[in-house]
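*Asks:* Structure file input-v1.txt (compact mmCIF, N, CA and C atoms) right here:
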```txt
# COMPACT_ATOMS: atom_id res chain seq x y z
N MET A 1 133.05 107.71 60.55
CA MET A 1 131.82 107.60 61.28
C MET A 1 130.66 107.70 60.28
N LYS A 2 129.70 106.81 60.40
CA LYS A 2 128.54 106.80 59.52
C LYS A 2 127.47 107.72 60.09
N ILE A 3 126.96 108.65 59.22
CA ILE A 3 125.94 109.60 59.65
C ILE A 3 124.84 109.71 58.60
N ILE A 4 123.70 110.24 59.03
CA ILE A 4 122.59 110.55 58.13
C ILE A 4 122.49 112.07 58.08
N LEU A 5 122.54 112.62 56.88
CA LEU A 5 122.48 114.08 56.73
C LEU A 5 121.05 114.58 56.87
N LEU A 6 120.87 115.63 57.67
CA LEU A 6 119.56 116.24 57.86
C LEU A 6 119.36 117.42 56.91
N GLN A 7 120.45 117.93 56.35
CA GLN A 7 120.42 119.02 55.38
C GLN A 7 121.51 118.76 54.36
N ASP A 8 121.44 119.44 53.23
CA ASP A 8 122.50 119.35 52.22
C ASP A 8 123.78 119.93 52.81
N VAL A 9 124.89 119.22 52.64
CA VAL A 9 126.19 119.70 53.09
C VAL A 9 127.12 119.68 51.89
N LYS A 10 127.62 120.85 51.53
CA LYS A 10 128.48 120.98 50.36
C LYS A 10 129.71 120.10 50.52
N GLY A 11 129.99 119.33 49.49
CA GLY A 11 131.17 118.47 49.49
C GLY A 11 130.97 117.14 50.20
N LEU A 12 129.80 116.95 50.83
CA LEU A 12 129.57 115.71 51.56
C LEU A 12 128.36 114.93 51.02
N GLY A 13 127.23 115.61 50.85
CA GLY A 13 126.06 114.91 50.33
C GLY A 13 124.79 115.71 50.49
N ARG A 14 123.70 115.06 50.11
CA ARG A 14 122.38 115.71 50.15
C ARG A 14 121.58 115.22 51.35
N LYS A 15 120.52 115.94 51.65
CA LYS A 15 119.64 115.61 52.76
C LYS A 15 119.12 114.18 52.62
N GLY A 16 119.17 113.41 53.71
CA GLY A 16 118.65 112.06 53.72
C GLY A 16 119.65 110.98 53.33
N GLU A 17 120.82 111.37 52.86
CA GLU A 17 121.83 110.38 52.47
C GLU A 17 122.59 109.87 53.68
N VAL A 18 123.03 108.62 53.59
CA VAL A 18 123.90 108.03 54.60
C VAL A 18 125.32 108.13 54.05
N VAL A 19 126.19 108.84 54.78
CA VAL A 19 127.56 109.08 54.30
C VAL A 19 128.57 108.79 55.41
N GLU A 20 129.81 108.63 54.99
CA GLU A 20 130.93 108.48 55.91
C GLU A 20 131.59 109.84 56.09
N ALA A 21 131.84 110.24 57.33
CA ALA A 21 132.55 111.49 57.61
C ALA A 21 133.57 111.19 58.70
N SER A 22 134.60 112.02 58.75
CA SER A 22 135.61 111.80 59.79
C SER A 22 134.98 112.03 61.15
N ASN A 23 135.52 111.34 62.16
CA ASN A 23 134.96 111.40 63.51
C ASN A 23 134.91 112.84 64.04
N GLY A 24 135.97 113.59 63.86
CA GLY A 24 136.01 114.96 64.36
C GLY A 24 135.02 115.87 63.67
N TYR A 25 134.94 115.77 62.36
CA TYR A 25 134.03 116.61 61.58
C TYR A 25 132.59 116.32 61.97
N ALA A 26 132.25 115.04 62.12
CA ALA A 26 130.89 114.66 62.47
C ALA A 26 130.54 115.08 63.90
N SER A 27 131.40 114.74 64.86
CA SER A 27 131.05 114.98 66.27
C SER A 27 131.25 116.43 66.70
N ASN A 28 132.14 117.18 66.04
CA ASN A 28 132.38 118.56 66.45
C ASN A 28 131.65 119.60 65.62
N PHE A 29 131.22 119.25 64.43
CA PHE A 29 130.58 120.25 63.58
C PHE A 29 129.19 119.83 63.12
N LEU A 30 129.08 118.69 62.43
CA LEU A 30 127.81 118.31 61.80
C LEU A 30 126.71 118.01 62.82
N ILE A 31 127.00 117.22 63.82
CA ILE A 31 125.97 116.84 64.80
C ILE A 31 125.58 118.02 65.69
N PRO A 32 126.52 118.80 66.26
CA PRO A 32 126.11 119.96 67.07
C PRO A 32 125.32 121.02 66.29
N LYS A 33 125.62 121.19 65.01
CA LYS A 33 124.92 122.19 64.18
C LYS A 33 123.61 121.63 63.62
N LYS A 34 123.23 120.42 64.05
CA LYS A 34 122.01 119.75 63.59
C LYS A 34 121.97 119.56 62.07
N LEU A 35 123.13 119.31 61.49
CA LEU A 35 123.23 119.01 60.07
C LEU A 35 123.19 117.51 59.81
N ALA A 36 123.42 116.72 60.87
CA ALA A 36 123.46 115.27 60.72
C ALA A 36 123.16 114.60 62.06
N VAL A 37 122.83 113.30 61.98
CA VAL A 37 122.67 112.47 63.18
C VAL A 37 123.46 111.18 62.96
N LEU A 38 123.81 110.54 64.06
CA LEU A 38 124.52 109.27 63.96
C LEU A 38 123.64 108.23 63.27
N TYR A 39 124.28 107.35 62.52
CA TYR A 39 123.58 106.28 61.83
C TYR A 39 123.38 105.14 62.81
N THR A 40 122.14 105.04 63.33
CA THR A 40 121.79 103.96 64.25
C THR A 40 120.57 103.24 63.68
N ASP A 41 120.19 102.14 64.34
CA ASP A 41 119.01 101.40 63.88
C ASP A 41 117.76 102.27 63.96
N LYS A 42 117.62 103.02 65.04
CA LYS A 42 116.45 103.89 65.21
C LYS A 42 116.42 104.99 64.14
N ALA A 43 117.58 105.61 63.89
CA ALA A 43 117.67 106.66 62.87
C ALA A 43 117.37 106.09 61.49
N LYS A 44 117.81 104.85 61.26
CA LYS A 44 117.56 104.19 59.98
C LYS A 44 116.06 103.98 59.77
N GLU A 45 115.35 103.57 60.83
CA GLU A 45 113.90 103.37 60.75
C GLU A 45 113.19 104.69 60.47
N ILE A 46 113.59 105.74 61.15
CA ILE A 46 112.98 107.07 60.96
C ILE A 46 113.20 107.55 59.53
N LEU A 47 114.41 107.35 59.01
CA LEU A 47 114.72 107.74 57.64
C LEU A 47 113.84 106.99 56.64
N LYS A 48 113.65 105.69 56.88
CA LYS A 48 112.81 104.89 55.98
C LYS A 48 111.36 105.37 56.02
N GLU A 49 110.85 105.70 57.23
CA GLU A 49 109.49 106.22 57.36
C GLU A 49 109.33 107.54 56.63
N GLN A 50 110.33 108.41 56.74
CA GLN A 50 110.27 109.71 56.08
C GLN A 50 110.26 109.54 54.56
N GLU A 51 111.05 108.62 54.04
CA GLU A 51 111.07 108.37 52.60
C GLU A 51 109.72 107.84 52.11
N GLN A 52 109.11 106.94 52.89
CA GLN A 52 107.80 106.40 52.51
C GLN A 52 106.74 107.50 52.53
N LYS A 53 106.79 108.38 53.53
CA LYS A 53 105.84 109.49 53.62
C LYS A 53 106.03 110.43 52.44
N LYS A 54 107.27 110.69 52.06
CA LYS A 54 107.56 111.58 50.94
C LYS A 54 107.01 110.99 49.63
N LEU A 55 107.19 109.69 49.43
CA LEU A 55 106.66 109.03 48.24
C LEU A 55 105.14 109.07 48.20
N ALA A 56 104.51 108.88 49.36
CA ALA A 56 103.05 108.93 49.43
C ALA A 56 102.55 110.34 49.12
N ASP A 57 103.24 111.37 49.64
CA ASP A 57 102.85 112.76 49.36
C ASP A 57 102.99 113.08 47.88
N LEU A 58 104.06 112.59 47.26
CA LEU A 58 104.25 112.82 45.83
C LEU A 58 103.15 112.14 45.01
N ALA A 59 102.74 110.96 45.42
CA ALA A 59 101.67 110.25 44.72
C ALA A 59 100.35 111.02 44.83
N LYS A 60 100.08 111.58 46.01
CA LYS A 60 98.86 112.39 46.20
C LYS A 60 98.91 113.63 45.33
N GLU A 61 100.06 114.30 45.30
CA GLU A 61 100.21 115.50 44.47
C GLU A 61 99.97 115.18 43.00
N LYS A 62 100.47 114.04 42.55
CA LYS A 62 100.30 113.65 41.16
C LYS A 62 98.82 113.37 40.86
N GLU A 63 98.12 112.73 41.79
CA GLU A 63 96.68 112.48 41.60
C GLU A 63 95.91 113.79 41.46
N VAL A 64 96.23 114.75 42.33
CA VAL A 64 95.57 116.06 42.27
C VAL A 64 95.87 116.74 40.94
N ALA A 65 97.12 116.64 40.48
CA ALA A 65 97.50 117.25 39.21
C ALA A 65 96.75 116.61 38.04
N ILE A 66 96.56 115.31 38.08
CA ILE A 66 95.84 114.63 37.00
C ILE A 66 94.37 115.06 36.99
N LYS A 67 93.77 115.19 38.17
CA LYS A 67 92.38 115.65 38.23
C LYS A 67 92.26 117.09 37.72
N THR A 68 93.21 117.93 38.10
CA THR A 68 93.21 119.32 37.64
C THR A 68 93.38 119.38 36.13
N LYS A 69 94.22 118.50 35.58
CA LYS A 69 94.43 118.44 34.13
C LYS A 69 93.12 118.13 33.41
N GLU A 70 92.38 117.17 33.94
CA GLU A 70 91.10 116.80 33.33
C GLU A 70 90.13 117.97 33.32
N VAL A 71 90.11 118.74 34.40
CA VAL A 71 89.24 119.92 34.48
C VAL A 71 89.71 120.99 33.50
N LEU A 72 91.02 121.22 33.45
CA LEU A 72 91.58 122.26 32.58
C LEU A 72 91.30 121.98 31.11
N ASP A 73 91.36 120.74 30.72
CA ASP A 73 91.16 120.39 29.31
C ASP A 73 89.77 120.76 28.80
N LYS A 74 88.79 120.90 29.71
CA LYS A 74 87.43 121.22 29.32
C LYS A 74 87.15 122.73 29.34
N ILE A 75 88.07 123.51 29.87
CA ILE A 75 87.84 124.94 30.06
C ILE A 75 88.24 125.74 28.82
N VAL A 76 87.37 126.71 28.48
CA VAL A 76 87.70 127.70 27.45
C VAL A 76 87.50 129.06 28.10
N LEU A 77 88.58 129.81 28.26
CA LEU A 77 88.51 131.14 28.85
C LEU A 77 88.21 132.17 27.76
N GLU A 78 87.26 133.04 28.04
CA GLU A 78 86.85 134.06 27.07
C GLU A 78 87.41 135.42 27.48
N PHE A 79 88.06 136.09 26.56
CA PHE A 79 88.57 137.44 26.78
C PHE A 79 88.12 138.33 25.63
N LYS A 80 87.97 139.61 25.91
CA LYS A 80 87.63 140.60 24.89
C LYS A 80 88.79 141.58 24.80
N ALA A 81 89.09 142.00 23.57
CA ALA A 81 90.16 142.98 23.35
C ALA A 81 89.74 143.92 22.24
N LYS A 82 90.31 145.10 22.28
CA LYS A 82 90.00 146.09 21.24
C LYS A 82 90.78 145.78 19.98
N ALA A 83 90.20 146.21 18.86
CA ALA A 83 90.84 145.98 17.57
C ALA A 83 91.31 147.31 16.99
N ALA A 84 92.46 147.26 16.32
CA ALA A 84 92.98 148.43 15.62
C ALA A 84 92.18 148.60 14.32
N PRO A 85 92.30 149.76 13.67
CA PRO A 85 91.57 149.97 12.41
C PRO A 85 91.88 148.92 11.34
N ASP A 86 93.09 148.35 11.36
CA ASP A 86 93.44 147.35 10.36
C ASP A 86 93.00 145.93 10.76
N GLY A 87 92.33 145.77 11.91
CA GLY A 87 91.80 144.48 12.32
C GLY A 87 92.66 143.69 13.28
N ARG A 88 93.87 144.17 13.57
CA ARG A 88 94.74 143.46 14.51
C ARG A 88 94.33 143.77 15.95
N MET A 89 94.71 142.90 16.85
CA MET A 89 94.39 143.08 18.26
C MET A 89 95.30 144.13 18.88
N VAL A 90 94.71 144.98 19.72
CA VAL A 90 95.48 145.99 20.44
C VAL A 90 95.77 145.44 21.83
N GLY A 91 97.05 145.40 22.21
CA GLY A 91 97.44 144.89 23.53
C GLY A 91 97.63 143.38 23.53
N THR A 92 97.79 142.85 24.73
CA THR A 92 97.98 141.40 24.89
C THR A 92 97.18 140.90 26.08
N ILE A 93 96.99 139.61 26.14
CA ILE A 93 96.40 138.95 27.29
C ILE A 93 97.57 138.31 28.05
N SER A 94 97.76 138.71 29.30
CA SER A 94 98.91 138.22 30.07
C SER A 94 98.56 136.92 30.79
N TYR A 95 99.61 136.23 31.23
CA TYR A 95 99.41 135.01 31.99
C TYR A 95 98.76 135.32 33.33
N LYS A 96 99.01 136.50 33.87
CA LYS A 96 98.39 136.92 35.13
C LYS A 96 96.87 137.01 34.95
N GLN A 97 96.42 137.54 33.80
CA GLN A 97 94.98 137.61 33.53
C GLN A 97 94.38 136.22 33.42
N VAL A 98 95.10 135.31 32.78
CA VAL A 98 94.62 133.93 32.65
C VAL A 98 94.54 133.28 34.04
N GLU A 99 95.57 133.51 34.86
CA GLU A 99 95.60 132.97 36.21
C GLU A 99 94.42 133.50 37.03
N ASP A 100 94.17 134.81 36.95
CA ASP A 100 93.06 135.41 37.69
C ASP A 100 91.71 134.87 37.23
N GLU A 101 91.56 134.69 35.93
CA GLU A 101 90.31 134.18 35.36
C GLU A 101 90.06 132.74 35.84
N LEU A 102 91.11 131.92 35.86
CA LEU A 102 90.97 130.55 36.34
C LEU A 102 90.58 130.54 37.81
N LYS A 103 91.14 131.46 38.58
CA LYS A 103 90.87 131.50 40.02
C LYS A 103 89.44 131.98 40.28
N THR A 104 89.00 133.04 39.61
CA THR A 104 87.70 133.61 39.92
C THR A 104 86.54 132.79 39.36
N LYS A 105 86.64 132.37 38.12
CA LYS A 105 85.50 131.69 37.48
C LYS A 105 85.48 130.19 37.68
N HIS A 106 86.65 129.57 37.83
CA HIS A 106 86.71 128.11 37.90
C HIS A 106 87.29 127.59 39.20
N ASN A 107 87.65 128.50 40.11
CA ASN A 107 88.18 128.15 41.42
C ASN A 107 89.42 127.24 41.34
N LEU A 108 90.28 127.52 40.35
CA LEU A 108 91.53 126.77 40.20
C LEU A 108 92.70 127.70 40.50
N SER A 109 93.53 127.32 41.43
CA SER A 109 94.68 128.13 41.78
C SER A 109 95.92 127.57 41.09
N ILE A 110 96.33 128.26 40.01
CA ILE A 110 97.50 127.83 39.24
C ILE A 110 98.45 129.01 39.14
N ASP A 111 99.69 128.78 39.50
CA ASP A 111 100.70 129.84 39.47
C ASP A 111 101.07 130.15 38.03
N LYS A 112 101.20 131.44 37.73
CA LYS A 112 101.51 131.85 36.36
C LYS A 112 102.89 131.36 35.92
N ARG A 113 103.76 131.02 36.86
CA ARG A 113 105.10 130.53 36.51
C ARG A 113 105.08 129.09 36.01
N LYS A 114 103.94 128.41 36.16
CA LYS A 114 103.83 127.03 35.69
C LYS A 114 103.49 126.94 34.21
N PHE A 115 103.20 128.08 33.58
CA PHE A 115 102.91 128.07 32.14
C PHE A 115 104.19 127.73 31.38
N ILE A 116 104.09 126.79 30.46
CA ILE A 116 105.25 126.36 29.69
C ILE A 116 105.49 127.29 28.52
N ASP A 117 104.41 127.66 27.83
CA ASP A 117 104.53 128.53 26.66
C ASP A 117 104.90 129.93 27.12
N HIS A 118 105.91 130.49 26.52
CA HIS A 118 106.35 131.82 26.92
C HIS A 118 106.19 132.81 25.78
N TYR A 119 105.02 132.78 25.16
CA TYR A 119 104.74 133.77 24.12
C TYR A 119 103.48 134.53 24.53
N GLN A 120 103.32 135.69 23.94
CA GLN A 120 102.19 136.55 24.30
C GLN A 120 100.95 136.17 23.49
N ILE A 121 99.82 136.35 24.12
CA ILE A 121 98.55 136.14 23.42
C ILE A 121 98.17 137.50 22.85
N ASN A 122 98.48 137.72 21.58
CA ASN A 122 98.25 139.03 20.98
C ASN A 122 97.52 138.94 19.65
N ALA A 123 96.67 137.93 19.49
CA ALA A 123 95.89 137.78 18.26
C ALA A 123 94.50 137.26 18.62
N PHE A 124 93.53 137.62 17.79
CA PHE A 124 92.18 137.13 18.00
C PHE A 124 92.13 135.64 17.65
N GLY A 125 91.21 134.95 18.29
CA GLY A 125 91.06 133.53 18.04
C GLY A 125 91.37 132.72 19.28
N THR A 126 91.56 131.42 19.10
CA THR A 126 91.81 130.51 20.21
C THR A 126 93.29 130.16 20.29
N THR A 127 93.81 130.22 21.50
CA THR A 127 95.20 129.86 21.76
C THR A 127 95.21 128.77 22.83
N LYS A 128 96.03 127.75 22.63
CA LYS A 128 96.18 126.68 23.61
C LYS A 128 97.43 126.96 24.44
N LEU A 129 97.25 127.03 25.76
CA LEU A 129 98.37 127.26 26.66
C LEU A 129 98.65 125.99 27.45
N LYS A 130 99.92 125.61 27.51
CA LYS A 130 100.31 124.42 28.26
C LYS A 130 100.74 124.84 29.66
N ILE A 131 100.30 124.05 30.65
CA ILE A 131 100.61 124.31 32.05
C ILE A 131 101.19 123.03 32.65
N GLU A 132 102.38 123.14 33.23
CA GLU A 132 102.99 121.97 33.87
C GLU A 132 102.49 121.89 35.31
N LEU A 133 101.57 120.97 35.55
CA LEU A 133 100.95 120.82 36.86
C LEU A 133 101.81 119.98 37.80
N PHE A 134 102.52 119.03 37.24
CA PHE A 134 103.41 118.12 37.97
C PHE A 134 104.37 117.58 36.94
N LYS A 135 105.44 116.96 37.36
CA LYS A 135 106.38 116.40 36.40
C LYS A 135 105.64 115.39 35.52
N ASP A 136 105.70 115.57 34.22
CA ASP A 136 105.05 114.73 33.21
C ASP A 136 103.53 114.82 33.20
N VAL A 137 102.93 115.79 33.90
CA VAL A 137 101.48 116.03 33.84
C VAL A 137 101.29 117.45 33.33
N ILE A 138 100.87 117.55 32.06
CA ILE A 138 100.74 118.85 31.42
C ILE A 138 99.29 119.06 31.03
N GLY A 139 98.70 120.12 31.57
CA GLY A 139 97.32 120.48 31.25
C GLY A 139 97.30 121.52 30.14
N ILE A 140 96.22 121.55 29.40
CA ILE A 140 96.08 122.52 28.32
C ILE A 140 94.80 123.30 28.57
N VAL A 141 94.92 124.63 28.55
CA VAL A 141 93.75 125.49 28.70
C VAL A 141 93.60 126.29 27.41
N ASN A 142 92.37 126.39 26.93
CA ASN A 142 92.07 127.13 25.72
C ASN A 142 91.69 128.56 26.09
N VAL A 143 92.33 129.52 25.43
CA VAL A 143 92.04 130.94 25.66
C VAL A 143 91.50 131.50 24.35
N HIS A 144 90.25 131.96 24.39
CA HIS A 144 89.63 132.53 23.19
C HIS A 144 89.54 134.04 23.36
N VAL A 145 90.08 134.77 22.39
CA VAL A 145 90.05 136.23 22.41
C VAL A 145 89.17 136.68 21.27
N SER A 146 88.15 137.49 21.60
CA SER A 146 87.26 138.02 20.57
C SER A 146 87.32 139.54 20.59
N GLU A 147 86.77 140.13 19.56
CA GLU A 147 86.84 141.59 19.40
C GLU A 147 85.78 142.25 20.28
N ASP A 148 86.20 143.27 21.01
CA ASP A 148 85.31 144.06 21.85
C ASP A 148 84.75 145.20 21.02
N LYS A 149 83.45 145.26 20.91
CA LYS A 149 82.85 146.28 20.04
C LYS A 149 82.22 147.38 20.82
```
Would you mind writing the file out in structure tokens?
*Replies:*
Amino acid sequence: MKIILLQDVKGLGRKGEVVEASNGYASNFLIPKKLAVLYTDKAKEILKEQEQKKLADLAKEKEVAIKTKEVLDKIVLEFKAKAAPDGRMVGTISYKQVEDELKTKHNLSIDKRKFIDHYQINAFGTTKLKIELFKDVIGIVNVHVSEDK
């Protein structure tokens, strides 16, 4: 029996795929549990519409990511940190602090888990942080740390 999967089913396929399943498995388990629907002309049309909507949503997300990237490239975040007697920076600037600074001063909501670089900002000067905004769209934000006197 030909069916369209509404959710991922282990050993059978992923959501949105058209697969063949045995009549008993499809009619007694998959369809009653709302894991699949019969493959009909109407279901085929609905599936095609959903795929087109998903592609359009992805295109919109990518456009937003590109605009955010352009804004991020112009931003330089300023932080102050204390210096040790030998001139080194005391402490670190965390990604959470960078995220909060972007949100409060520039009204950009970027999750700290999107940062690609996984090293600490623990030196004075300018550091470039890469942020993956969307697949293949990487923004760079400059973080400048100066000595607090």
*Asks:* Would you pick out the contacts of segment 65-74 of chain A at 7 Å or less, using only C-alpha atoms, so that residues sharing its chain but fewer than 5 positions from it are not included, and give the list as an MDAnalysis selection string?
*Replies:* chainID A and resid 133:134 137:141
*Asks:* From a DSSP calculation on the backbone, collect every residue of segment 3-137 of chain A in strand (DSSP E or B) and output the set as a count of residues only.
*Replies:* 33
*Asks:* Quick one: residues within 6 Å of segment 7-22 of chain A, only N, CA and C atoms counted, chain neighbours fewer than 5 positions away excluded, as a list in words?
*Replies:*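 The filter keeps Met1, Lys2, Ser27, Leu35 and Ala36 of chain A.
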*Asks:* Assign secondary structure with DSSP using the backbone only, and return the residues of chain A in alpha helix (DSSP H) as JSON, numbers by chain.
*Replies:* {"A": [23, 24, 25, 41, 42, 43, 44, 45, 46, 47, 48, 49, 50, 51, 52, 53, 54, 55, 56, 57, 58, 59, 60, 61, 62, 63, 64, 65, 66, 67, 68, 69, 70, 71, 72, 73, 95, 96, 97, 98, 99, 100, 101, 102, 103, 104, 105, 106]}
*Asks:* Quick one: distance from atom CA of Ala59 of chain A to atom CA of Lys42 of chain A in Å, one decimal?
*Replies:*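 Straight-line distance from atom CA of Ala59 of chain A to atom CA of Lys42 of chain A works out to 26.1 Å.
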*Asks:* Record the distance separating atom N of Ser94 of chain A and atom CA of Glu63 of chain A, expressed in Å with one decimal.
*Replies:*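 It comes out at 29.0 Å.
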*Asks:* Quick check, in Å to one decimal: how far apart do atom CA of Leu129 of chain A and atom CA of Lys149 of chain A lie?
*Replies:* 25.4 Å
*Asks:* For a quick check of understanding, using only N, CA and C atoms, which of A:Lys82, A:Lys44, A:Lys33, A:Arg113 has the smallest distance to Asp148 of chain A?
*Replies:*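 Ranking A:Lys82, A:Lys44, A:Lys33, A:Arg113 by distance to Asp148 of chain A, first place goes to A:Lys82.
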*Asks:* Which one of A:Val37, A:Ala83, A:Ala26, A:Leu108 sits closest to Ile4 of chain A if you count all atoms listed in the file?
*Replies:*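 Of all the options, A:Val37 lies closest to Ile4 of chain A.
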*Asks:* Taking into account only N, CA and C atoms, which residue in the set A:Lys80, A:Ile131, A:Lys112, A:Asn28 is nearest to Asp100 of chain A?
*Replies:*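 Of A:Lys80, A:Ile131, A:Lys112, A:Asn28, the one nearest Asp100 of chain A is A:Lys112, counting only N, CA and C atoms.
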*Asks:* How big is the axis-aligned box around all listed atoms of segment 55-69 of chain A once 3 Å goes on each side, and where's its centre, in Å to one decimal, as AutoDock Vina command-line options?
*Replies:*
```
--center_x 99.7 --center_y 114.1 --center_z 41.5 --size_x 20.9 --size_y 16.5 --size_z 22.2
```
